[in-house]
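Structure file upload_37.pdb; described as PDB, C-alpha atoms.
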ATOM      1  CA  MET Y   1     -20.300 -13.393  23.497
ATOM      2  CA  PRO Y   2     -18.551 -10.298  24.796
ATOM      3  CA  ASP Y   3     -19.720  -6.979  23.361
ATOM      4  CA  ILE Y   4     -16.390  -6.369  21.676
ATOM      5  CA  PHE Y   5     -16.953  -9.392  19.399
ATOM      6  CA  ALA Y   6     -20.650  -8.766  18.900
ATOM      7  CA  MET Y   7     -20.186  -5.136  17.773
ATOM      8  CA  ASP Y   8     -23.928  -4.531  18.050
ATOM      9  CA  GLY Y   9     -24.647  -7.272  15.531
ATOM     10  CA  TYR Y  10     -22.024  -6.122  13.021
ATOM     11  CA  GLY Y  11     -19.235  -8.343  14.423
ATOM     12  CA  PHE Y  12     -19.045 -10.515  11.312
ATOM     13  CA  TYR Y  13     -18.390  -7.498   9.061
ATOM     14  CA  VAL Y  14     -16.037  -5.699  11.474
ATOM     15  CA  TRP Y  15     -13.904  -8.672  12.510
ATOM     16  CA  GLY Y  16     -14.163 -10.215   9.049
ATOM     17  CA  SER Y  17     -12.645  -7.031   7.612
ATOM     18  CA  VAL Y  18      -9.913  -7.062  10.260
ATOM     19  CA  LEU Y  19      -9.030 -10.695   9.473
ATOM     20  CA  VAL Y  20      -8.995 -10.106   5.699
ATOM     21  CA  SER Y  21      -6.757  -7.035   6.185
ATOM     22  CA  ILE Y  22      -4.297  -8.971   8.354
ATOM     23  CA  ALA Y  23      -4.264 -11.868   5.867
ATOM     24  CA  VAL Y  24      -3.559  -9.483   2.959
ATOM     25  CA  LEU Y  25      -0.719  -7.817   4.889
ATOM     26  CA  ILE Y  26       0.861 -11.176   5.767
ATOM     27  CA  ILE Y  27       0.532 -12.513   2.198
ATOM     28  CA  ASN Y  28       1.975  -9.270   0.861
ATOM     29  CA  TRP Y  29       5.016  -9.583   3.149
ATOM     30  CA  ILE Y  30       5.580 -13.281   2.406
ATOM     31  CA  THR Y  31       5.364 -12.844  -1.396
ATOM     32  CA  ALA Y  32       7.822  -9.919  -1.312
ATOM     33  CA  HIS Y  33      10.200 -11.915   0.891
ATOM     34  CA  LYS Y  34       9.970 -15.005  -1.347
ATOM     35  CA  LYS Y  35      10.581 -12.907  -4.471
ATOM     36  CA  PHE Y  36      13.666 -11.330  -2.856
ATOM     37  CA  LYS Y  37      15.036 -14.641  -1.596
ATOM     38  CA  SER Y  38      14.523 -16.486  -4.901
ATOM     39  CA  THR Y  39      16.263 -13.696  -6.834
ATOM     40  CA  ILE Y  40      19.205 -13.699  -4.428
ATOM     41  CA  ASN Y  41      19.465 -17.509  -4.726
ATOM     42  CA  GLU Y  42      19.291 -17.200  -8.517
ATOM     43  CA  VAL Y  43      22.183 -14.712  -8.474
ATOM     44  CA  LYS Y  44      24.155 -16.943  -6.090
ATOM     45  CA  SER Y  45      23.765 -19.991  -8.347
ATOM     46  CA  PHE Y  46      24.674 -17.813 -11.365
ATOM     47  CA  ILE Y  47      27.887 -16.719  -9.578
ATOM     48  CA  SER Y  48      28.809 -20.262  -8.481
ATOM     49  CA  LYS Y  49      28.240 -21.576 -12.027
ATOM     50  CA  GLY Y  50      30.529 -18.838 -13.333
ATOM     51  CA  LYS Y  51      33.268 -19.887 -10.897
ATOM     52  CA  GLU Y  52      33.114 -23.555 -11.971
TER      53      GLU Y  52
ATOM     54  CA  MET D  53     -19.568   6.031   5.911
ATOM     55  CA  TRP D  54     -21.911   5.349   8.802
ATOM     56  CA  GLY D  55     -25.357   3.921   8.229
ATOM     57  CA  THR D  56     -24.982   2.748   4.639
ATOM     58  CA  ALA D  57     -22.915   0.305   2.636
ATOM     59  CA  TRP D  58     -22.856   2.460  -0.496
ATOM     60  CA  VAL D  59     -24.177   5.834  -1.614
ATOM     61  CA  TRP D  60     -23.104   8.149  -4.465
ATOM     62  CA  ASP D  61     -21.484  10.480  -1.970
ATOM     63  CA  ALA D  62     -18.688  12.838  -3.090
ATOM     64  CA  ARG D  63     -16.070  11.302  -0.777
ATOM     65  CA  LEU D  64     -16.999   7.714  -1.595
ATOM     66  CA  THR D  65     -17.239   8.385  -5.327
ATOM     67  CA  SER D  66     -13.901  10.219  -5.486
ATOM     68  CA  GLU D  67     -12.284   7.321  -3.609
ATOM     69  CA  LEU D  68     -13.912   4.871  -6.033
ATOM     70  CA  ILE D  69     -12.231   6.814  -8.862
ATOM     71  CA  LEU D  70      -8.949   6.428  -6.941
ATOM     72  CA  LEU D  71      -9.515   2.662  -6.788
ATOM     73  CA  PHE D  72     -10.081   2.614 -10.569
ATOM     74  CA  LEU D  73      -6.880   4.626 -11.028
ATOM     75  CA  TYR D  74      -4.944   2.058  -8.979
ATOM     76  CA  LEU D  75      -6.441  -0.774 -11.048
ATOM     77  CA  ALA D  76      -5.683   1.099 -14.292
ATOM     78  CA  TYR D  77      -2.096   1.608 -13.085
ATOM     79  CA  ILE D  78      -1.636  -2.119 -12.407
ATOM     80  CA  MET D  79      -3.342  -3.197 -15.657
ATOM     81  CA  LEU D  80      -1.334  -0.698 -17.729
ATOM     82  CA  HIS D  81       1.937  -1.916 -16.252
ATOM     83  CA  LEU D  82       1.016  -5.538 -16.878
ATOM     84  CA  SER D  83      -0.129  -4.862 -20.443
ATOM     85  CA  ILE D  84       3.178  -3.403 -21.710
ATOM     86  CA  PRO D  85       5.844  -6.104 -22.181
ATOM     87  CA  ASP D  86       8.779  -3.644 -22.319
ATOM     88  CA  ARG D  87       9.440  -2.862 -18.650
ATOM     89  CA  SER D  88      11.050   0.520 -19.247
ATOM     90  CA  LYS D  89       8.136   1.667 -21.443
ATOM     91  CA  ALA D  90       5.668   0.301 -18.876
ATOM     92  CA  ASP D  91       7.428   2.282 -16.131
ATOM     93  CA  ARG D  92       7.186   5.512 -18.115
ATOM     94  CA  ALA D  93       3.550   5.029 -19.092
ATOM     95  CA  THR D  94       2.469   4.209 -15.541
ATOM     96  CA  ALA D  95       4.513   7.119 -14.134
ATOM     97  CA  LEU D  96       2.582   9.417 -16.481
ATOM     98  CA  LEU D  97      -0.711   7.901 -15.355
ATOM     99  CA  ALA D  98       0.327   8.360 -11.710
ATOM    100  CA  ILE D  99       1.063  12.055 -12.335
ATOM    101  CA  VAL D 100      -2.340  12.515 -13.981
ATOM    102  CA  GLY D 101      -3.959  10.581 -11.129
ATOM    103  CA  VAL D 102      -2.543  12.968  -8.526
ATOM    104  CA  VAL D 103      -5.251  15.421  -9.673
ATOM    105  CA  ASN D 104      -7.721  13.223  -7.789
ATOM    106  CA  ILE D 105      -5.979  13.690  -4.409
ATOM    107  CA  PRO D 106      -7.100  17.295  -3.701
ATOM    108  CA  ILE D 107     -10.547  16.374  -5.052
ATOM    109  CA  ILE D 108     -10.786  13.597  -2.439
ATOM    110  CA  HIS D 109      -9.514  15.883   0.297
ATOM    111  CA  TYR D 110     -11.813  18.813  -0.471
ATOM    112  CA  SER D 111     -14.830  16.711  -1.516
ATOM    113  CA  VAL D 112     -16.348  17.137   1.952
ATOM    114  CA  VAL D 113     -15.920  20.913   1.707
ATOM    115  CA  TRP D 114     -17.006  21.475  -1.891
ATOM    116  CA  TRP D 115     -20.084  19.218  -1.820
ATOM    117  CA  ASN D 116     -22.747  18.416   0.703
ATOM    118  CA  THR D 117     -21.801  14.880   1.752
ATOM    119  CA  LEU D 118     -22.719  12.218   4.277
ATOM    120  CA  HIS D 119     -19.087  12.206   5.357
ATOM    121  CA  GLN D 120     -18.307  14.720   8.077
ATOM    122  CA  ALA D 121     -16.122  17.739   7.321
ATOM    123  CA  SER D 122     -12.499  17.804   8.459
ATOM    124  CA  THR D 123     -12.169  17.045  12.189
ATOM    125  CA  ILE D 124      -8.395  17.485  12.492
ATOM    126  CA  SER D 125      -6.840  20.743  11.344
ATOM    127  CA  LYS D 126      -3.392  22.292  11.651
ATOM    128  CA  PHE D 127      -4.796  25.632  12.656
ATOM    129  CA  ALA D 128      -7.725  24.832  14.924
ATOM    130  CA  LYS D 129      -8.489  22.645  17.912
ATOM    131  CA  PRO D 130      -9.600  19.179  16.700
ATOM    132  CA  SER D 131     -13.374  18.747  16.816
ATOM    133  CA  ILE D 132     -12.981  14.976  17.213
ATOM    134  CA  ALA D 133     -13.394  13.540  20.753
ATOM    135  CA  THR D 134     -10.094  12.940  22.581
ATOM    136  CA  GLU D 135     -11.044   9.269  23.129
ATOM    137  CA  MET D 136     -11.048   8.869  19.341
ATOM    138  CA  LEU D 137      -8.245  11.290  18.530
ATOM    139  CA  TRP D 138      -5.424   9.394  20.289
ATOM    140  CA  PRO D 139      -6.256   5.954  18.847
ATOM    141  CA  LEU D 140      -6.522   7.635  15.434
ATOM    142  CA  ILE D 141      -3.088   9.271  15.799
ATOM    143  CA  ILE D 142      -1.531   5.988  17.009
ATOM    144  CA  MET D 143      -3.074   4.070  14.092
ATOM    145  CA  ILE D 144      -1.925   6.701  11.563
ATOM    146  CA  LEU D 145       1.603   6.407  12.965
ATOM    147  CA  GLY D 146       1.420   2.596  13.003
ATOM    148  CA  TYR D 147       0.160   2.325   9.440
ATOM    149  CA  THR D 148       2.730   4.864   8.221
ATOM    150  CA  LEU D 149       5.550   2.764   9.720
ATOM    151  CA  LEU D 150       3.995  -0.416   8.327
ATOM    152  CA  PHE D 151       3.738   1.194   4.893
ATOM    153  CA  ALA D 152       7.429   2.236   5.090
ATOM    154  CA  ALA D 153       8.421  -1.337   5.997
ATOM    155  CA  PHE D 154       6.382  -2.797   3.116
ATOM    156  CA  LEU D 155       7.738  -0.227   0.696
ATOM    157  CA  ALA D 156      11.334  -1.052   1.729
ATOM    158  CA  LYS D 157      10.673  -4.795   1.393
ATOM    159  CA  ARG D 158       8.978  -4.489  -2.019
ATOM    160  CA  THR D 159      11.667  -2.079  -3.281
ATOM    161  CA  ALA D 160      14.436  -4.483  -2.212
ATOM    162  CA  ALA D 161      12.695  -7.368  -3.993
ATOM    163  CA  GLU D 162      12.070  -5.351  -7.170
ATOM    164  CA  LEU D 163      15.612  -3.951  -7.171
ATOM    165  CA  ALA D 164      17.037  -7.467  -6.808
ATOM    166  CA  VAL D 165      14.995  -8.669  -9.813
ATOM    167  CA  ARG D 166      15.935  -5.709 -12.009
ATOM    168  CA  GLU D 167      19.598  -5.596 -11.056
ATOM    169  CA  LYS D 168      20.332  -9.332 -10.819
ATOM    170  CA  ARG D 169      22.692  -9.238 -13.800
ATOM    171  CA  THR D 170      24.670  -6.250 -12.532
ATOM    172  CA  ARG D 171      28.099  -6.491 -10.979
ATOM    173  CA  TRP D 172      27.302  -4.391  -7.896
ATOM    174  CA  LEU D 173      24.543  -6.732  -6.730
ATOM    175  CA  GLN D 174      26.633  -9.821  -7.421
ATOM    176  CA  THR D 175      29.570  -8.286  -5.514
ATOM    177  CA  LEU D 176      27.211  -7.414  -2.660
ATOM    178  CA  ILE D 177      25.910 -10.988  -2.496
ATOM    179  CA  VAL D 178      29.369 -12.557  -2.766
ATOM    180  CA  GLY D 179      30.605 -10.162  -0.081
ATOM    181  CA  ASP D 180      27.659 -11.160   2.058
ATOM    182  CA  LYS D 181      28.483 -14.820   1.488
ATOM    183  CA  ASN D 182      32.150 -14.280   2.402
ATOM    184  CA  ASN D 183      31.166 -12.489   5.593
ATOM    185  CA  ALA D 184      28.725 -15.219   6.638
TER     186      ALA D 184
END
Same coordinates, now as structure tokens:
Amino acid sequence: MPDIFAMDGYGFYVWGSVLVSIAVLIINWITAHKKFKSTINEVKSFISKGKE
Amino acid sequence: MWGTAWVWDARLTSELILLFLYLAYIMLHLSIPDRSKADRATALLAIVGVVNIPIIHYSVVWWNTLHQASTISKFAKPSIATEMLWPLIIMILGYTLLFAAFLAKRTAAELAVREKRTRWLQTLIVGDKNNA
């Protein structure tokens, strides 16, 4: 295994932390985006119901 | 902190208090059903919590800690090695931009939820729809 992955025996902790951080950032972005989209869709359906 | 997972060091302990303040902020906001009251209460807690920021910053100066003293200063040549300084600056810049993007995204989502019954947002969405 290349040295960069081994990290002197601490690879699991170092790269594990990196992976968890990336996962948290991605989840954070997706949840915010979903919340925004669902609210916009809710408003759109509210407007279209009002027009009917 | 190099060489140990945990120690009751001034920098680590003051940052642990910061973590508890963040958790208290979230719990307080969740525990008050009235959103406007929750906003005010948590804003007050945030103002009180700011007291911890200079304590974190100066903890390495005021107490003898495992954490090194400041290595980047406005007024003196950085004591950090150049090979570490540039990656650090690039990462600070990167994370600042990332934070700004997340803040904008979260603010847009929160604003949409809070203002969904207002005319301006509905007009904005209808206008968007008409333009599409």
*Within 10 Å of Y:Phe46, counting all atoms listed in the file, which residues qualify if same-chain residues fewer than 4 places away don't, as an MDAnalysis selection string?*
(chainID Y and resid 40:42 50:51) or (chainID D and resid 168:169 174)
For C-alpha atoms, I'd like the residues from the last selection saved as a PDB file, in the coordinates of the input.
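again37.pdb was written with the following content:
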ATOM      1  CA  ILE Y  40      19.205 -13.699  -4.428  1.00  0.00           C
ATOM      2  CA  ASN Y  41      19.465 -17.509  -4.726  1.00  0.00           C
ATOM      3  CA  GLU Y  42      19.291 -17.200  -8.517  1.00  0.00           C
ATOM      4  CA  GLY Y  50      30.529 -18.838 -13.333  1.00  0.00           C
ATOM      5  CA  LYS Y  51      33.268 -19.887 -10.897  1.00  0.00           C
TER       6      LYS Y  51
ATOM      7  CA  LYS D 168      20.332  -9.332 -10.819  1.00  0.00           C
ATOM      8  CA  ARG D 169      22.692  -9.238 -13.800  1.00  0.00           C
ATOM      9  CA  GLN D 174      26.633  -9.821  -7.421  1.00  0.00           C
TER      10      GLN D 174
END
*All residues 7 Å or closer to stretch 30-35 of chain Y, only C-alpha atoms, same chain fewer than 6 positions away omitted, as a ChimeraX atom specification*: /D:157-158,161
*Given all atoms listed in the file as the counted atoms, nearest of D:Ala62, D:Pro130, D:Leu68, D:Glu135 to D:Tyr110*: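 Among D:Ala62, D:Pro130, D:Leu68, D:Glu135, it is D:Ala62 that comes nearest to D:Tyr110.
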Proximity check chain D to chain Y, 12 Å, nearest pairs one decimal Å, only C-alpha atoms, as a tab-separated table:
residue	atom	partner	partner_atom	distance
D:Gly55	CA	Y:Tyr10	CA	11.6
D:Ala57	CA	Y:Tyr13	CA	11.1
D:Tyr147	CA	Y:Leu25	CA	11.2
D:Leu150	CA	Y:Leu25	CA	9.4
D:Phe151	CA	Y:Leu25	CA	10.1
D:Ala153	CA	Y:Trp29	CA	9.4
D:Phe154	CA	Y:Trp29	CA	6.9
D:Leu155	CA	Y:Ala32	CA	9.9
D:Ala156	CA	Y:Ala32	CA	10.0
D:Lys157	CA	Y:Ala32	CA	6.5
D:Arg158	CA	Y:Ala32	CA	5.6
D:Thr159	CA	Y:Ala32	CA	9.0
D:Ala160	CA	Y:Phe36	CA	6.9
D:Ala161	CA	Y:Phe36	CA	4.2
D:Glu162	CA	Y:Phe36	CA	7.5
D:Leu163	CA	Y:Phe36	CA	8.8
D:Ala164	CA	Y:Thr39	CA	6.3
D:Val165	CA	Y:Thr39	CA	6.0
D:Arg166	CA	Y:Thr39	CA	9.5
D:Glu167	CA	Y:Thr39	CA	9.7
D:Lys168	CA	Y:Val43	CA	6.2
D:Arg169	CA	Y:Val43	CA	7.7
D:Thr170	CA	Y:Val43	CA	9.7
D:Arg171	CA	Y:Ile47	CA	10.3
D:Trp172	CA	Y:Val43	CA	11.5
D:Leu173	CA	Y:Val43	CA	8.5
D:Gln174	CA	Y:Val43	CA	6.7
D:Thr175	CA	Y:Ile47	CA	9.5
D:Leu176	CA	Y:Ile40	CA	10.3
D:Ile177	CA	Y:Lys44	CA	7.2
D:Val178	CA	Y:Lys44	CA	7.6
D:Gly179	CA	Y:Lys44	CA	11.1
D:Asp180	CA	Y:Lys44	CA	10.6
D:Lys181	CA	Y:Lys44	CA	9.0
D:Asn182	CA	Y:Lys44	CA	12.0
With C-alpha atoms retained, write the just-selected residues as an mmCIF file, in the frame of the given file.
data_model
loop_
_atom_site.group_PDB
_atom_site.id
_atom_site.type_symbol
_atom_site.label_atom_id
_atom_site.label_comp_id
_atom_site.auth_asym_id
_atom_site.auth_seq_id
_atom_site.Cartn_x
_atom_site.Cartn_y
_atom_site.Cartn_z
ATOM 1 C CA GLY D 55 -25.357 3.921 8.229
ATOM 2 C CA ALA D 57 -22.915 0.305 2.636
ATOM 3 C CA TYR D 147 0.160 2.325 9.440
ATOM 4 C CA LEU D 150 3.995 -0.416 8.327
ATOM 5 C CA PHE D 151 3.738 1.194 4.893
ATOM 6 C CA ALA D 153 8.421 -1.337 5.997
ATOM 7 C CA PHE D 154 6.382 -2.797 3.116
ATOM 8 C CA LEU D 155 7.738 -0.227 0.696
ATOM 9 C CA ALA D 156 11.334 -1.052 1.729
ATOM 10 C CA LYS D 157 10.673 -4.795 1.393
ATOM 11 C CA ARG D 158 8.978 -4.489 -2.019
ATOM 12 C CA THR D 159 11.667 -2.079 -3.281
ATOM 13 C CA ALA D 160 14.436 -4.483 -2.212
ATOM 14 C CA ALA D 161 12.695 -7.368 -3.993
ATOM 15 C CA GLU D 162 12.070 -5.351 -7.170
ATOM 16 C CA LEU D 163 15.612 -3.951 -7.171
ATOM 17 C CA ALA D 164 17.037 -7.467 -6.808
ATOM 18 C CA VAL D 165 14.995 -8.669 -9.813
ATOM 19 C CA ARG D 166 15.935 -5.709 -12.009
ATOM 20 C CA GLU D 167 19.598 -5.596 -11.056
ATOM 21 C CA LYS D 168 20.332 -9.332 -10.819
ATOM 22 C CA ARG D 169 22.692 -9.238 -13.800
ATOM 23 C CA THR D 170 24.670 -6.250 -12.532
ATOM 24 C CA ARG D 171 28.099 -6.491 -10.979
ATOM 25 C CA TRP D 172 27.302 -4.391 -7.896
ATOM 26 C CA LEU D 173 24.543 -6.732 -6.730
ATOM 27 C CA GLN D 174 26.633 -9.821 -7.421
ATOM 28 C CA THR D 175 29.570 -8.286 -5.514
ATOM 29 C CA LEU D 176 27.211 -7.414 -2.660
ATOM 30 C CA ILE D 177 25.910 -10.988 -2.496
ATOM 31 C CA VAL D 178 29.369 -12.557 -2.766
ATOM 32 C CA GLY D 179 30.605 -10.162 -0.081
ATOM 33 C CA ASP D 180 27.659 -11.160 2.058
ATOM 34 C CA LYS D 181 28.483 -14.820 1.488
ATOM 35 C CA ASN D 182 32.150 -14.280 2.402
#
*Quick one, how far is atom CA of D:Gly146 from atom CA of Y:Ile4?*
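We find that atom CA of D:Gly146 and atom CA of Y:Ile4 lie 21.7 Å from each other.
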*Evaluate the PyMOL selection byres ((chain D and resi 118) around 10) and record the selected residues as a ChimeraX atom specification, following the chain and residue labels used in the document.*
/D:53-56,59-64,112,115-117,119-121
*Between atom CA of Y:Phe12 and atom CA of D:Leu137 - distance in Å to one decimal*: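 Taking atom CA of D:Leu137 and atom CA of Y:Phe12, their separation equals 25.4 Å.
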*How many Å lie between atom CA of D:Ile142 and atom CA of D:Glu67, rounded to one decimal?*
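These two atoms are separated by 23.3 Å.
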*asked:* So, with all atoms listed in the file as the atoms that count, which of D:Lys129, D:Ile105, D:Tyr77, D:Leu145 lies closest to D:Ala93?
replied: D:Tyr77
*Give the answer as one residue: which of D:Leu149, D:Leu70, D:Ala128, D:Leu80 has the shortest atom-to-atom distance to D:Pro106, using all atoms listed in the file?*
D:Leu70
*I need the residue set behind the PyMOL selection byres ((chain D and resi 101) around 12) for this file; please write it as a ChimeraX atom specification.*
/D:66-67,69-77,94-100,102-108
